[in-house]
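K.L.:
Next comes query-v3.tsv, TSV, all heavy atoms:
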chain	number	residue	atom	x	y	z
A	29	MET	N	111.21	88.30	109.44
A	29	MET	CA	110.80	88.66	110.78
A	29	MET	C	109.47	89.41	110.67
A	29	MET	O	109.39	90.46	110.05
A	29	MET	CB	111.89	89.54	111.41
A	29	MET	CG	111.48	90.20	112.69
A	29	MET	SD	112.83	91.03	113.52
A	29	MET	CE	112.86	92.59	112.71
A	30	SER	N	108.44	88.88	111.25
A	30	SER	CA	107.14	89.51	111.23
A	30	SER	C	107.05	90.52	112.38
A	30	SER	O	107.51	90.26	113.48
A	30	SER	CB	106.05	88.45	111.38
A	30	SER	OG	104.79	89.06	111.30
A	31	GLN	N	106.48	91.68	112.08
A	31	GLN	CA	106.31	92.71	113.10
A	31	GLN	C	105.05	93.49	112.83
A	31	GLN	O	104.50	93.44	111.73
A	31	GLN	CB	107.52	93.64	113.15
A	31	GLN	CG	107.90	94.23	111.81
A	31	GLN	CD	109.28	94.84	111.83
A	31	GLN	OE1	109.58	95.66	112.67
A	31	GLN	NE2	110.12	94.44	110.90
A	32	ARG	N	104.55	94.19	113.83
A	32	ARG	CA	103.32	94.96	113.69
A	32	ARG	C	103.67	96.43	113.54
A	32	ARG	O	104.48	96.96	114.29
A	32	ARG	CB	102.41	94.74	114.89
A	32	ARG	CG	101.99	93.28	114.96
A	32	ARG	CD	100.87	92.94	115.85
A	32	ARG	NE	99.60	93.58	115.67
A	32	ARG	CZ	98.66	93.20	114.80
A	32	ARG	NH1	98.90	92.22	113.97
A	32	ARG	NH2	97.50	93.80	114.77
A	33	VAL	N	103.06	97.07	112.55
A	33	VAL	CA	103.25	98.50	112.31
A	33	VAL	C	101.88	99.15	112.15
A	33	VAL	O	100.88	98.47	111.96
A	33	VAL	CB	104.13	98.77	111.06
A	33	VAL	CG1	105.52	98.19	111.24
A	33	VAL	CG2	103.48	98.23	109.80
A	34	ILE	N	101.84	100.46	112.23
A	34	ILE	CA	100.60	101.21	112.08
A	34	ILE	C	100.47	101.68	110.63
A	34	ILE	O	101.37	102.32	110.09
A	34	ILE	CB	100.58	102.43	113.02
A	34	ILE	CG1	100.77	101.99	114.48
A	34	ILE	CG2	99.30	103.23	112.85
A	34	ILE	CD1	99.69	101.09	115.01
A	35	CYS	N	99.33	101.38	110.00
A	35	CYS	CA	99.06	101.83	108.64
A	35	CYS	C	98.94	103.35	108.62
A	35	CYS	O	98.22	103.93	109.45
A	35	CYS	CB	97.78	101.18	108.13
A	35	CYS	SG	97.23	101.81	106.52
A	36	SER	N	99.60	103.99	107.68
A	36	SER	CA	99.57	105.46	107.57
A	36	SER	C	98.23	105.97	107.06
A	36	SER	O	97.92	107.14	107.24
A	36	SER	CB	100.66	105.93	106.61
A	36	SER	OG	101.92	105.51	107.07
A	37	HIS	N	97.44	105.11	106.46
A	37	HIS	CA	96.16	105.53	105.87
A	37	HIS	C	95.00	105.41	106.86
A	37	HIS	O	94.21	106.33	106.99
A	37	HIS	CB	95.86	104.71	104.62
A	37	HIS	CG	96.87	104.91	103.54
A	37	HIS	ND1	96.83	105.96	102.65
A	37	HIS	CD2	97.96	104.19	103.20
A	37	HIS	CE1	97.85	105.88	101.83
A	37	HIS	NE2	98.55	104.81	102.14
A	38	CYS	N	94.89	104.26	107.54
A	38	CYS	CA	93.72	104.02	108.40
A	38	CYS	C	94.07	103.87	109.88
A	38	CYS	O	93.19	103.67	110.70
A	38	CYS	CB	92.96	102.80	107.91
A	38	CYS	SG	93.85	101.24	108.12
A	39	SER	N	95.36	103.91	110.22
A	39	SER	CA	95.85	103.82	111.61
A	39	SER	C	95.59	102.47	112.28
A	39	SER	O	95.63	102.37	113.50
A	39	SER	CB	95.26	104.95	112.48
A	39	SER	OG	95.62	106.19	111.94
A	40	GLU	N	95.35	101.44	111.49
A	40	GLU	CA	95.19	100.09	112.03
A	40	GLU	C	96.57	99.44	112.21
A	40	GLU	O	97.51	99.74	111.48
A	40	GLU	CB	94.36	99.22	111.08
A	40	GLU	CG	92.91	99.60	111.01
A	40	GLU	CD	92.15	99.31	112.28
A	40	GLU	OE1	92.43	98.28	112.93
A	40	GLU	OE2	91.29	100.13	112.64
A	41	SER	N	96.68	98.55	113.16
A	41	SER	CA	97.91	97.79	113.38
A	41	SER	C	97.94	96.63	112.38
A	41	SER	O	96.98	95.87	112.29
A	41	SER	CB	97.93	97.28	114.82
A	41	SER	OG	99.13	96.63	115.09
A	42	VAL	N	99.04	96.52	111.62
A	42	VAL	CA	99.15	95.57	110.52
A	42	VAL	C	100.41	94.73	110.69
A	42	VAL	O	101.46	95.24	111.08
A	42	VAL	CB	99.22	96.34	109.17
A	42	VAL	CG1	99.35	95.38	108.01
A	42	VAL	CG2	98.03	97.25	109.00
A	43	ASP	N	100.30	93.43	110.41
A	43	ASP	CA	101.48	92.56	110.40
A	43	ASP	C	102.21	92.71	109.08
A	43	ASP	O	101.59	92.66	108.01
A	43	ASP	CB	101.07	91.09	110.55
A	43	ASP	CG	100.72	90.73	111.98
A	43	ASP	OD1	101.37	91.23	112.89
A	43	ASP	OD2	99.77	89.94	112.16
A	44	VAL	N	103.54	92.93	109.13
A	44	VAL	CA	104.36	92.97	107.93
A	44	VAL	C	105.54	92.02	108.11
A	44	VAL	O	105.99	91.79	109.23
A	44	VAL	CB	104.88	94.41	107.62
A	44	VAL	CG1	103.74	95.33	107.28
A	44	VAL	CG2	105.69	94.97	108.75
A	45	ASP	N	106.01	91.46	107.02
A	45	ASP	CA	107.14	90.54	107.06
A	45	ASP	C	108.32	91.19	106.36
A	45	ASP	O	108.51	91.04	105.16
A	45	ASP	CB	106.76	89.22	106.39
A	45	ASP	CG	107.80	88.14	106.61
A	45	ASP	OD1	108.57	88.26	107.58
A	45	ASP	OD2	107.83	87.19	105.83
A	46	ILE	N	109.10	91.96	107.13
A	46	ILE	CA	110.27	92.68	106.62
A	46	ILE	C	111.45	92.29	107.51
A	46	ILE	O	111.34	92.28	108.74
A	46	ILE	CB	110.04	94.21	106.65
A	46	ILE	CG1	108.89	94.57	105.70
A	46	ILE	CG2	111.31	94.95	106.27
A	46	ILE	CD1	108.52	96.03	105.68
A	47	ASP	N	112.59	91.96	106.88
A	47	ASP	CA	113.75	91.45	107.62
A	47	ASP	C	114.42	92.49	108.51
A	47	ASP	O	115.15	92.13	109.42
A	47	ASP	CB	114.79	90.88	106.65
A	47	ASP	CG	114.27	89.63	105.95
A	47	ASP	OD1	113.39	88.96	106.51
A	47	ASP	OD2	114.75	89.33	104.85
A	48	MET	N	114.19	93.76	108.25
A	48	MET	CA	114.80	94.82	109.06
A	48	MET	C	113.75	95.42	109.99
A	48	MET	O	112.55	95.19	109.82
A	48	MET	CB	115.37	95.90	108.15
A	48	MET	CG	116.49	95.39	107.26
A	48	MET	SD	117.11	96.67	106.16
A	48	MET	CE	115.99	96.50	104.80
A	49	THR	N	114.18	96.19	110.98
A	49	THR	CA	113.27	96.82	111.91
A	49	THR	C	112.62	98.05	111.27
A	49	THR	O	113.30	98.92	110.75
A	49	THR	CB	114.02	97.26	113.19
A	49	THR	OG1	114.64	96.12	113.74
A	49	THR	CG2	113.08	97.88	114.19
A	50	VAL	N	111.29	98.11	111.30
A	50	VAL	CA	110.56	99.25	110.76
A	50	VAL	C	110.50	100.33	111.84
A	50	VAL	O	110.04	100.08	112.95
A	50	VAL	CB	109.14	98.85	110.32
A	50	VAL	CG1	108.36	100.06	109.85
A	50	VAL	CG2	109.20	97.79	109.23
A	51	THR	N	110.98	101.54	111.50
A	51	THR	CA	110.99	102.63	112.46
A	51	THR	C	109.89	103.66	112.21
A	51	THR	O	109.47	104.34	113.14
A	51	THR	CB	112.34	103.36	112.46
A	51	THR	OG1	112.63	103.83	111.14
A	51	THR	CG2	113.45	102.44	112.92
A	52	ARG	N	109.42	103.79	110.96
A	52	ARG	CA	108.36	104.73	110.60
A	52	ARG	C	107.60	104.21	109.40
A	52	ARG	O	108.12	103.41	108.64
A	52	ARG	CB	108.95	106.10	110.22
A	52	ARG	CG	109.45	106.91	111.37
A	52	ARG	CD	109.92	108.26	110.91
A	52	ARG	NE	108.80	109.04	110.37
A	52	ARG	CZ	108.96	110.13	109.64
A	52	ARG	NH1	110.16	110.58	109.35
A	52	ARG	NH2	107.93	110.78	109.19
A	53	THR	N	106.39	104.71	109.23
A	53	THR	CA	105.63	104.45	108.02
A	53	THR	C	105.19	105.77	107.41
A	53	THR	O	105.11	106.78	108.11
A	53	THR	CB	104.39	103.57	108.28
A	53	THR	OG1	103.52	104.23	109.20
A	53	THR	CG2	104.78	102.21	108.82
A	54	SER	N	104.93	105.77	106.11
A	54	SER	CA	104.55	106.99	105.41
A	54	SER	C	103.56	106.67	104.30
A	54	SER	O	103.68	105.64	103.64
A	54	SER	CB	105.79	107.66	104.82
A	54	SER	OG	105.45	108.75	104.00
A	55	LYS	N	102.59	107.57	104.08
A	55	LYS	CA	101.64	107.39	102.97
A	55	LYS	C	102.35	107.54	101.63
A	55	LYS	O	102.07	106.81	100.69
A	55	LYS	CB	100.53	108.44	103.04
A	55	LYS	CG	99.55	108.23	104.14
A	55	LYS	CD	98.48	109.31	104.07
A	55	LYS	CE	97.55	109.24	105.24
A	55	LYS	NZ	96.55	110.30	105.21
A	56	ALA	N	103.25	108.51	101.54
A	56	ALA	CA	103.96	108.79	100.29
A	56	ALA	C	105.00	107.71	100.02
A	56	ALA	O	105.57	107.14	100.94
A	56	ALA	CB	104.64	110.15	100.37
A	57	VAL	N	105.21	107.46	98.75
A	57	VAL	CA	106.25	106.51	98.35
A	57	VAL	C	107.60	107.15	98.61
A	57	VAL	O	107.89	108.24	98.13
A	57	VAL	CB	106.11	106.12	96.87
A	57	VAL	CG1	107.23	105.20	96.45
A	57	VAL	CG2	104.76	105.46	96.63
A	58	GLY	N	108.43	106.51	99.41
A	58	GLY	CA	109.74	107.05	99.75
A	58	GLY	C	110.80	106.58	98.80
A	58	GLY	O	110.55	105.87	97.83
A	59	SER	N	112.02	106.97	99.07
A	59	SER	CA	113.15	106.56	98.24
A	59	SER	C	114.22	105.95	99.12
A	59	SER	O	114.19	106.08	100.34
A	59	SER	CB	113.71	107.77	97.49
A	59	SER	OG	114.30	108.67	98.39
A	60	LEU	N	115.19	105.29	98.49
A	60	LEU	CA	116.30	104.72	99.24
A	60	LEU	C	117.08	105.80	99.98
A	60	LEU	O	117.56	105.60	101.08
A	60	LEU	CB	117.24	103.95	98.30
A	60	LEU	CG	116.69	102.64	97.78
A	60	LEU	CD1	117.64	102.08	96.72
A	60	LEU	CD2	116.51	101.65	98.89
A	61	LYS	N	117.19	106.98	99.37
A	61	LYS	CA	117.92	108.09	99.98
A	61	LYS	C	117.25	108.52	101.29
A	61	LYS	O	117.92	108.86	102.25
A	61	LYS	CB	117.99	109.27	99.01
A	61	LYS	CG	118.84	110.42	99.50
A	61	LYS	CD	118.94	111.49	98.45
A	61	LYS	CE	117.93	112.56	98.80
A	61	LYS	NZ	117.99	113.72	97.92
A	62	ASP	N	115.93	108.50	101.32
A	62	ASP	CA	115.18	108.86	102.52
A	62	ASP	C	115.13	107.73	103.54
A	62	ASP	O	114.70	107.94	104.67
A	62	ASP	CB	113.74	109.24	102.17
A	62	ASP	CG	113.68	110.45	101.26
A	62	ASP	OD1	114.61	111.27	101.28
A	62	ASP	OD2	112.69	110.56	100.51
A	63	GLY	N	115.51	106.53	103.15
A	63	GLY	CA	115.48	105.38	104.05
A	63	GLY	C	114.19	104.57	103.97
A	63	GLY	O	114.03	103.60	104.68
A	64	PHE	N	113.24	104.98	103.12
A	64	PHE	CA	111.99	104.25	102.96
A	64	PHE	C	112.16	103.22	101.85
A	64	PHE	O	111.66	103.36	100.74
A	64	PHE	CB	110.84	105.22	102.63
A	64	PHE	CG	110.43	106.07	103.79
A	64	PHE	CD1	111.02	107.30	104.02
A	64	PHE	CD2	109.46	105.63	104.68
A	64	PHE	CE1	110.64	108.09	105.09
A	64	PHE	CE2	109.07	106.41	105.76
A	64	PHE	CZ	109.67	107.64	105.97
A	65	ALA	N	112.88	102.15	102.16
A	65	ALA	CA	113.28	101.18	101.15
A	65	ALA	C	112.26	100.05	100.95
A	65	ALA	O	112.35	99.33	99.97
A	65	ALA	CB	114.62	100.57	101.53
A	66	ARG	N	111.31	99.90	101.84
A	66	ARG	CA	110.35	98.80	101.75
A	66	ARG	C	108.92	99.34	101.74
A	66	ARG	O	108.66	100.44	102.18
A	66	ARG	CB	110.49	97.86	102.96
A	66	ARG	CG	111.88	97.27	103.12
A	66	ARG	CD	112.07	96.11	102.16
A	66	ARG	NE	113.28	95.38	102.46
A	66	ARG	CZ	114.40	95.49	101.76
A	66	ARG	NH1	114.46	96.32	100.76
A	66	ARG	NH2	115.45	94.78	102.06
A	67	SER	N	108.02	98.52	101.24
A	67	SER	CA	106.61	98.89	101.27
A	67	SER	C	105.79	97.71	101.77
A	67	SER	O	106.24	96.57	101.73
A	67	SER	CB	106.13	99.35	99.90
A	67	SER	OG	106.21	98.30	98.99
A	68	ALA	N	104.58	98.00	102.23
A	68	ALA	CA	103.68	96.97	102.73
A	68	ALA	C	102.26	97.36	102.36
A	68	ALA	O	101.98	98.52	102.05
A	68	ALA	CB	103.82	96.83	104.24
A	69	SER	N	101.36	96.39	102.40
A	69	SER	CA	99.95	96.65	102.12
A	69	SER	C	99.14	96.39	103.38
A	69	SER	O	99.38	95.42	104.10
A	69	SER	CB	99.45	95.74	101.01
A	69	SER	OG	100.08	96.05	99.81
A	70	CYS	N	98.16	97.23	103.60
A	70	CYS	CA	97.29	97.11	104.76
A	70	CYS	C	96.20	96.08	104.47
A	70	CYS	O	95.55	96.15	103.44
A	70	CYS	CB	96.68	98.47	105.10
A	70	CYS	SG	95.55	98.42	106.50
A	71	SER	N	95.99	95.17	105.40
A	71	SER	CA	94.94	94.16	105.21
A	71	SER	C	93.55	94.73	105.48
A	71	SER	O	92.56	94.19	105.01
A	71	SER	CB	95.21	92.96	106.13
A	71	SER	OG	95.30	93.39	107.47
A	72	SER	N	93.47	95.85	106.21
A	72	SER	CA	92.17	96.45	106.52
A	72	SER	C	91.66	97.34	105.39
A	72	SER	O	90.54	97.18	104.91
A	72	SER	CB	92.25	97.28	107.79
A	72	SER	OG	92.50	96.46	108.89
A	73	CYS	N	92.49	98.32	104.95
A	73	CYS	CA	92.03	99.28	103.94
A	73	CYS	C	92.55	98.97	102.54
A	73	CYS	O	92.08	99.55	101.57
A	73	CYS	CB	92.40	100.71	104.34
A	73	CYS	SG	94.17	101.07	104.30
A	74	GLY	N	93.56	98.09	102.42
A	74	GLY	CA	94.09	97.71	101.11
A	74	GLY	C	95.11	98.67	100.53
A	74	GLY	O	95.62	98.43	99.44
A	75	GLU	N	95.40	99.76	101.20
A	75	GLU	CA	96.36	100.75	100.69
A	75	GLU	C	97.80	100.27	100.92
A	75	GLU	O	98.08	99.54	101.86
A	75	GLU	CB	96.17	102.10	101.39
A	75	GLU	CG	94.85	102.77	101.07
A	75	GLU	CD	94.79	103.32	99.66
A	75	GLU	OE1	95.84	103.59	99.05
A	75	GLU	OE2	93.67	103.46	99.16
A	76	THR	N	98.69	100.72	100.05
A	76	THR	CA	100.13	100.44	100.18
A	76	THR	C	100.79	101.64	100.84
A	76	THR	O	100.46	102.78	100.55
A	76	THR	CB	100.75	100.19	98.80
A	76	THR	OG1	100.09	99.07	98.21
A	76	THR	CG2	102.23	99.89	98.91
A	77	PHE	N	101.73	101.37	101.75
A	77	PHE	CA	102.46	102.44	102.43
A	77	PHE	C	103.94	102.09	102.50
A	77	PHE	O	104.32	100.93	102.37
A	77	PHE	CB	101.88	102.70	103.83
A	77	PHE	CG	101.84	101.48	104.72
A	77	PHE	CD1	102.90	101.19	105.57
A	77	PHE	CD2	100.75	100.64	104.71
A	77	PHE	CE1	102.86	100.08	106.40
A	77	PHE	CE2	100.69	99.53	105.54
A	77	PHE	CZ	101.76	99.25	106.39
A	78	SER	N	104.77	103.11	102.65
A	78	SER	CA	106.22	102.92	102.72
A	78	SER	C	106.66	102.71	104.15
A	78	SER	O	106.07	103.23	105.08
A	78	SER	CB	106.93	104.17	102.17
A	78	SER	OG	106.61	104.34	100.82
A	79	CYS	N	107.75	101.94	104.30
A	79	CYS	CA	108.31	101.64	105.62
A	79	CYS	C	109.76	102.09	105.66
A	79	CYS	O	110.57	101.71	104.81
A	79	CYS	CB	108.24	100.15	105.91
A	79	CYS	SG	106.58	99.49	105.95
A	80	LYS	N	110.09	102.90	106.65
A	80	LYS	CA	111.49	103.29	106.89
A	80	LYS	C	112.10	102.20	107.76
A	80	LYS	O	111.54	101.83	108.79
A	80	LYS	CB	111.56	104.63	107.59
A	80	LYS	CG	112.97	105.15	107.70
A	80	LYS	CD	112.98	106.60	108.16
A	80	LYS	CE	114.38	107.15	108.03
A	80	LYS	NZ	114.39	108.59	108.28
A	81	THR	N	113.24	101.68	107.35
A	81	THR	CA	113.84	100.54	108.04
A	81	THR	C	115.25	100.85	108.53
A	81	THR	O	115.91	101.76	108.04
A	81	THR	CB	113.91	99.32	107.11
A	81	THR	OG1	114.64	99.67	105.94
A	81	THR	CG2	112.53	98.85	106.72
A	82	THR	N	115.67	100.07	109.51
A	82	THR	CA	117.03	100.13	110.02
A	82	THR	C	117.45	98.72	110.42
A	82	THR	O	116.60	97.87	110.66
A	82	THR	CB	117.13	101.09	111.22
A	82	THR	OG1	118.49	101.21	111.61
A	82	THR	CG2	116.34	100.61	112.41
A	83	TRP	N	118.73	98.47	110.46
A	83	TRP	CA	119.23	97.15	110.90
A	83	TRP	C	119.22	97.13	112.38
A	83	TRP	O	119.18	96.35	113.11
A	83	TRP	CB	120.64	96.90	110.38
A	83	TRP	CG	120.67	96.62	108.92
A	83	TRP	CD1	121.10	97.46	107.94
A	83	TRP	CD2	120.21	95.45	108.25
A	83	TRP	NE1	120.95	96.88	106.71
A	83	TRP	CE2	120.42	95.63	106.87
A	83	TRP	CE3	119.67	94.25	108.68
A	83	TRP	CZ2	120.09	94.68	105.92
A	83	TRP	CZ3	119.34	93.30	107.73
A	83	TRP	CH2	119.56	93.51	106.38
What would the structure in this file look like if it were written as structure tokens?
P.N.:
Amino acid sequence: MSQRVICSHCSESVDVDIDMTVTRTSKAVGSLKDGFARSASCSSCGETFSCKTTW
């Protein structure tokens, strides 16, 4: 499922292909315990950011 999220680094809207709903993004690498189980890369700035997901 493709969805648009805001990059934590440059604040651009980015398309990501994650099967769950993204509720937040973070610059720091998250953990499964925190709920930041997925990551994405920004097409504008090239940085990787973490995505907090929910079903």
K.L.:
Please identify all polymer residues within 7 Å of A:Ala68, counting only C-alpha atoms, omitting same-chain residues fewer than 6 positions from it, and present them as a ChimeraX atom specification.
P.N.:
/A:44,76-78
K.L.:
Please provide as a PyMOL selection string all residues within 4 Å of A:Ser36, with the sequence filter that same-chain residues fewer than 3 positions apart are discarded (counting all atoms listed in the file).
P.N.:
chain A and resi 53-55
K.L.:
Which one of A:Ser69, A:Phe64, A:Trp83, A:Val57 sits closest to A:Val42 if you count all heavy atoms?
P.N.:
A:Ser69
K.L.:
Using all atoms listed in the file, find the one residue out of A:Met29, A:Arg52, A:Cys35, A:Asp45 that sits nearest to A:Cys73.
P.N.:
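Answer, going by the shortest atom-to-atom distance: A:Cys35.
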K.L.:
Quick one, how far is atom O of A:Gly63 from atom CB of A:Asp43?
P.N.:
18.9 Å
K.L.:
Would you give me, as a PyMOL selection string, the residues in chain A that DSSP reads as strand (DSSP E or B)?
P.N.:
chain A and resi 30-34+41-45+49-54+66-69+76-82
K.L.:
From the list A:Ser67, A:Thr51, A:Thr81, A:Ser72, which residue is nearest A:Cys38 when using all atoms listed in the file?
P.N.:
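Looking at the shortest contact to A:Cys38, the residue is A:Ser72.
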K.L.:
Between atom NE of A:Arg32 and atom O of A:Asp62, what is the distance in Å, rounded to a tenth?
P.N.:
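Taking atom NE of A:Arg32 and atom O of A:Asp62, their separation equals 23.6 Å.
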K.L.:
With distances taken over all heavy atoms, which residue among A:Gln31, A:His37, A:Cys70, A:Cys79 lies nearest A:Thr49?
P.N.:
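Among the listed residues, the smallest separation from A:Thr49 belongs to A:Gln31.
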K.L.:
Any idea what the distance is between atom C of A:Thr82 and atom CD of A:Glu40?
P.N.:
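For atom C of A:Thr82 relative to atom CD of A:Glu40, the distance reads 25.4 Å.
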